[in-house]
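Data block below; observations after.
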Amino acid sequence: NRLISNMLIRAIMFYMERKIGLERQEEWVMFNGPVIPYELRTGIGRLRALDPCLLLCEQALERKTIVGVIGTSSEPEIISLGLALNSGEYVRLRSFKEDLEDYLPAAHFNVADQARFQRFIETYGDKLDVGIYKAGQRSYMFHAHSECFDEAAAVIMRDSMFQQLRGYPLLIDYADSLCTHMLASSDFRRMVDFGLAREGSLSFEQSEGDQRRR
C-alpha cells in the first residue's frame with residue numbers, strides 16, 4: 001500500500017512555500033520554520049526528489065535575504081540560552097553546516113544522492129547560520145544567510161515587537177492565519193484524493209481508516 005504520508009504532504013507544502021516566496025519581489029522573505037526543512041533534506045524518500053529539493057534550497061541561499069523562524073526547540077542548551085537573553089537581544093550560535101553534516105550519515109542515501117548532498121554541504125553549508133533572538137516574553141531560533149545575519153535579526157525582531165507577549169513575527173502569524181482559512185490541509189487532501197480518483201488509484205493509495213464509512 002503506497003500511502004500518501006503526512007510527511008509527503010508537509011514536503012510539498014514546504015517546497016511550494018519556498019518556491020512562491022522566492023518568486024516574490026519584496027526585499028525580504030520570512031519562512032515559518034527552517035530555511036532548509038528536514039522534509040526537503042530527505043528528498044521525499046521513495047519519490048527520489050532530492051535534486052529538485054536541493055536546487056530550490058540553493059536558490060533560497062543565493063537570494064541571501066531570506067530568514068526562517070523556528071517556533072520550538074528540543075535542544076536543552078538552546079532553551080537555557082533563550083531564558084538568559086533579555087528582550088531585544090540575539091546571538092549567532094553556529095553554522096547550519098554542522099547540522100547538515102550530522103544529518104548525512106543517518107540519511108541512508110544511495111551513492112548518487114550521497115554525493116549530491118555532500119556537494120550541497122561543501123558549496124552551501126557555510127552560507128546559512130543558526131541564531132536565537134528574544135523580542136518579547138519568549139525566545140526563538142532562526143536561520144539566516146551568514147552575510148546578512150545581523151540585518152535578518154533586526155528584521156524579524158522589529159516585526160516580532162508588534163506582538164510583545166508572543167514575540168513572534170507578526171507577518172508570519174498573519175500569513176499562517178490566512179492560509180489556515182483559505183488553504184486548509186483538509187482541502188488540499190481532498191484535492192489529492194480527487195486527482196487519484198480520476199486516475200483510478202484512490203483505493204490503492206488510501207489507508208483502511210480513510211476508506212471507513214463514518
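Going by the C-alpha cells order, chains are called A, B, ..., each with residues numbered from 1, while ligands are numbered from 1 in the order shown.
Residues in contact range of A:Ser87, defined as at most 10 Å between only C-alpha atoms, with sequence neighbours fewer than 6 positions away removed, read Tyr133, Lys134, Ala135, Gly136, Gln137, Arg138, Ser139, Met157, Met161, Gln164 and Gly167 of chain A.
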DSSP-assigned helix (DSSP H, G or I) members of stretch 27-72 of chain A, reported as a ChimeraX atom specification: /A:38-41,45-47,50-63
Hey, can you spit out that residue selection with N, CA and C atoms as a compact mmCIF listing (two decimals), in the first residue's frame?
# COMPACT_ATOMS: atom_id res chain seq x y z
N TYR A 38 13.68 19.59 7.28
CA TYR A 38 14.04 18.18 7.24
C TYR A 38 13.36 17.47 6.06
N GLU A 39 12.10 17.78 5.82
CA GLU A 39 11.33 17.09 4.78
C GLU A 39 11.95 17.26 3.40
N LEU A 40 12.57 18.42 3.13
CA LEU A 40 13.22 18.64 1.84
C LEU A 40 14.61 18.00 1.81
N ARG A 41 15.25 17.88 2.95
CA ARG A 41 16.57 17.24 3.01
C ARG A 41 16.47 15.75 2.69
N GLY A 45 11.99 10.77 0.26
CA GLY A 45 12.07 9.31 0.32
C GLY A 45 12.02 8.62 -1.03
N ARG A 46 11.05 7.72 -1.15
CA ARG A 46 10.97 6.85 -2.34
C ARG A 46 10.63 7.62 -3.61
N LEU A 47 10.20 8.86 -3.49
CA LEU A 47 9.88 9.65 -4.69
C LEU A 47 11.13 10.19 -5.37
N LEU A 50 15.39 14.40 -4.39
CA LEU A 50 16.43 15.14 -3.69
C LEU A 50 16.99 16.28 -4.52
N ASP A 51 17.26 16.03 -5.79
CA ASP A 51 17.88 17.07 -6.62
C ASP A 51 17.00 18.31 -6.74
N PRO A 52 15.72 18.21 -7.12
CA PRO A 52 14.90 19.42 -7.18
C PRO A 52 14.74 20.10 -5.82
N CYS A 53 14.71 19.32 -4.74
CA CYS A 53 14.60 19.92 -3.41
C CYS A 53 15.85 20.73 -3.08
N LEU A 54 17.02 20.16 -3.38
CA LEU A 54 18.26 20.88 -3.09
C LEU A 54 18.45 22.07 -4.02
N LEU A 55 18.00 21.95 -5.26
CA LEU A 55 18.08 23.10 -6.17
C LEU A 55 17.28 24.28 -5.64
N LEU A 56 16.12 24.00 -5.09
CA LEU A 56 15.30 25.07 -4.51
C LEU A 56 15.99 25.68 -3.29
N CYS A 57 16.59 24.83 -2.46
CA CYS A 57 17.31 25.33 -1.29
C CYS A 57 18.51 26.18 -1.71
N GLU A 58 19.17 25.78 -2.79
CA GLU A 58 20.30 26.57 -3.30
C GLU A 58 19.83 27.94 -3.78
N GLN A 59 18.69 27.99 -4.44
CA GLN A 59 18.13 29.27 -4.88
C GLN A 59 17.81 30.17 -3.70
N ALA A 60 17.30 29.58 -2.63
CA ALA A 60 16.98 30.36 -1.44
C ALA A 60 18.25 30.96 -0.84
N LEU A 61 19.31 30.18 -0.77
CA LEU A 61 20.55 30.68 -0.18
C LEU A 61 21.24 31.69 -1.09
N GLU A 62 21.09 31.54 -2.38
CA GLU A 62 21.69 32.50 -3.31
C GLU A 62 20.97 33.85 -3.24
N ARG A 63 19.71 33.83 -2.85
CA ARG A 63 18.97 35.09 -2.70
C ARG A 63 19.49 35.90 -1.51
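Atom to atom, atom CA of A:Ile79 and atom CA of A:Trp28 stand 27.1 Å apart.
From atom CA of A:Gly43 back to atom CA of A:Glu122, the distance works out to 17.9 Å.
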With distances taken over only C-alpha atoms, the candidate from A:Arg190, A:Asp102, A:Val69, A:Gly21 nearest A:Asp159 is A:Val69
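Our summary of the geometry notes that atom CA of A:Met30 is positioned 10.8 Å from atom CA of A:Asp173.
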Please return as a PyMOL selection string: the residues of stretch 38-184 of chain A that backbone DSSP assigns to strand (DSSP E). chain A and resi 66-70+89-95+128-134+139-145
Output file for the residues above (N, CA and C atoms, as a short mmCIF file (atom, residue, chain, number, x, y, z; two decimals), in the first residue's frame):
data_model
loop_
_atom_site.label_atom_id
_atom_site.label_comp_id
_atom_site.auth_asym_id
_atom_site.auth_seq_id
_atom_site.Cartn_x
_atom_site.Cartn_y
_atom_site.Cartn_z
N ILE A 66 16.77 35.98 3.03
CA ILE A 66 15.75 35.04 3.47
C ILE A 66 16.01 34.72 4.94
N VAL A 67 14.95 34.42 5.66
CA VAL A 67 15.10 34.07 7.07
C VAL A 67 14.00 33.10 7.45
N GLY A 68 14.34 32.09 8.23
CA GLY A 68 13.36 31.14 8.74
C GLY A 68 13.30 31.22 10.25
N VAL A 69 12.10 31.28 10.81
CA VAL A 69 11.91 31.38 12.26
C VAL A 69 11.30 30.08 12.76
N ILE A 70 11.94 29.48 13.76
CA ILE A 70 11.52 28.17 14.28
C ILE A 70 10.80 28.37 15.61
N GLU A 89 17.59 41.17 22.46
CA GLU A 89 18.92 40.60 22.23
C GLU A 89 18.84 39.40 21.30
N TYR A 90 19.94 39.14 20.60
CA TYR A 90 20.05 37.95 19.77
C TYR A 90 21.50 37.50 19.77
N VAL A 91 21.74 36.26 19.37
CA VAL A 91 23.09 35.74 19.32
C VAL A 91 23.21 34.75 18.16
N ARG A 92 24.35 34.77 17.51
CA ARG A 92 24.65 33.80 16.45
C ARG A 92 25.24 32.55 17.11
N LEU A 93 24.64 31.38 16.86
CA LEU A 93 25.05 30.17 17.54
C LEU A 93 26.08 29.36 16.78
N ARG A 94 25.82 29.07 15.51
CA ARG A 94 26.68 28.17 14.75
C ARG A 94 26.32 28.25 13.28
N SER A 95 27.13 27.59 12.47
CA SER A 95 26.81 27.42 11.06
C SER A 95 25.86 26.24 10.90
N LEU A 128 24.58 29.46 5.60
CA LEU A 128 23.41 29.59 6.48
C LEU A 128 23.85 29.45 7.93
N ASP A 129 23.43 30.41 8.75
CA ASP A 129 23.77 30.38 10.17
C ASP A 129 22.52 30.22 11.03
N VAL A 130 22.74 29.70 12.23
CA VAL A 130 21.66 29.48 13.20
C VAL A 130 21.82 30.47 14.34
N GLY A 131 20.73 31.11 14.73
CA GLY A 131 20.77 32.06 15.84
C GLY A 131 19.55 31.93 16.72
N ILE A 132 19.52 32.73 17.77
CA ILE A 132 18.38 32.77 18.67
C ILE A 132 18.14 34.23 19.05
N TYR A 133 16.88 34.63 19.10
CA TYR A 133 16.56 36.02 19.43
C TYR A 133 15.40 36.06 20.43
N LYS A 134 15.26 37.21 21.06
CA LYS A 134 14.17 37.41 22.01
C LYS A 134 13.64 38.83 21.84
N SER A 139 11.85 33.38 23.56
CA SER A 139 12.92 33.43 22.57
C SER A 139 12.68 32.37 21.50
N TYR A 140 13.22 32.59 20.31
CA TYR A 140 13.03 31.67 19.19
C TYR A 140 14.33 31.53 18.40
N MET A 141 14.51 30.36 17.83
CA MET A 141 15.63 30.14 16.92
C MET A 141 15.29 30.71 15.55
N PHE A 142 16.32 31.08 14.82
CA PHE A 142 16.11 31.50 13.43
C PHE A 142 17.33 31.13 12.59
N HIS A 143 17.08 30.97 11.29
CA HIS A 143 18.11 30.68 10.31
C HIS A 143 18.21 31.86 9.35
N ALA A 144 19.43 32.29 9.07
CA ALA A 144 19.62 33.42 8.15
C ALA A 144 20.94 33.26 7.42
N HIS A 145 21.04 33.91 6.26
CA HIS A 145 22.26 33.86 5.48
C HIS A 145 23.40 34.49 6.27
#
A:Asn6 surroundings by only C-alpha atoms, 10 Å radius, close-in-sequence under 5 positions cut, as a ChimeraX atom specification: /A:11-12,189
Pull N, CA, C and O atoms from the residues just selected and write them as a PDB file, in the first residue's frame.
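File written: result-v1.pdb
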ATOM      1  N   ALA A  11       6.204  17.974   2.933  1.00  0.00           N
ATOM      2  CA  ALA A  11       7.289  18.272   1.997  1.00  0.00           C
ATOM      3  C   ALA A  11       6.782  19.100   0.824  1.00  0.00           C
ATOM      4  O   ALA A  11       7.439  20.073   0.405  1.00  0.00           O
ATOM      5  N   ILE A  12       5.620  18.741   0.297  1.00  0.00           N
ATOM      6  CA  ILE A  12       5.026  19.517  -0.802  1.00  0.00           C
ATOM      7  C   ILE A  12       4.705  20.933  -0.331  1.00  0.00           C
ATOM      8  O   ILE A  12       4.963  21.912  -1.044  1.00  0.00           O
ATOM      9  N   ARG A 189      -5.948  17.821   0.905  1.00  0.00           N
ATOM     10  CA  ARG A 189      -6.049  16.361   0.884  1.00  0.00           C
ATOM     11  C   ARG A 189      -7.194  15.916  -0.021  1.00  0.00           C
ATOM     12  O   ARG A 189      -7.078  14.926  -0.750  1.00  0.00           O
TER      13      ARG A 189
END
Which of these, A:Phe14, A:Phe194, A:Tyr124, A:Tyr103, has the shortest distance to A:Val35 once you count only C-alpha atoms? A:Phe14
Which one is closest to A:Phe149: A:His108, A:Arg119, A:Lys19, A:Lys64? Count only C-alpha atoms.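 Once distances to A:Phe149 are computed over only C-alpha atoms, the minimum belongs to A:Lys64.
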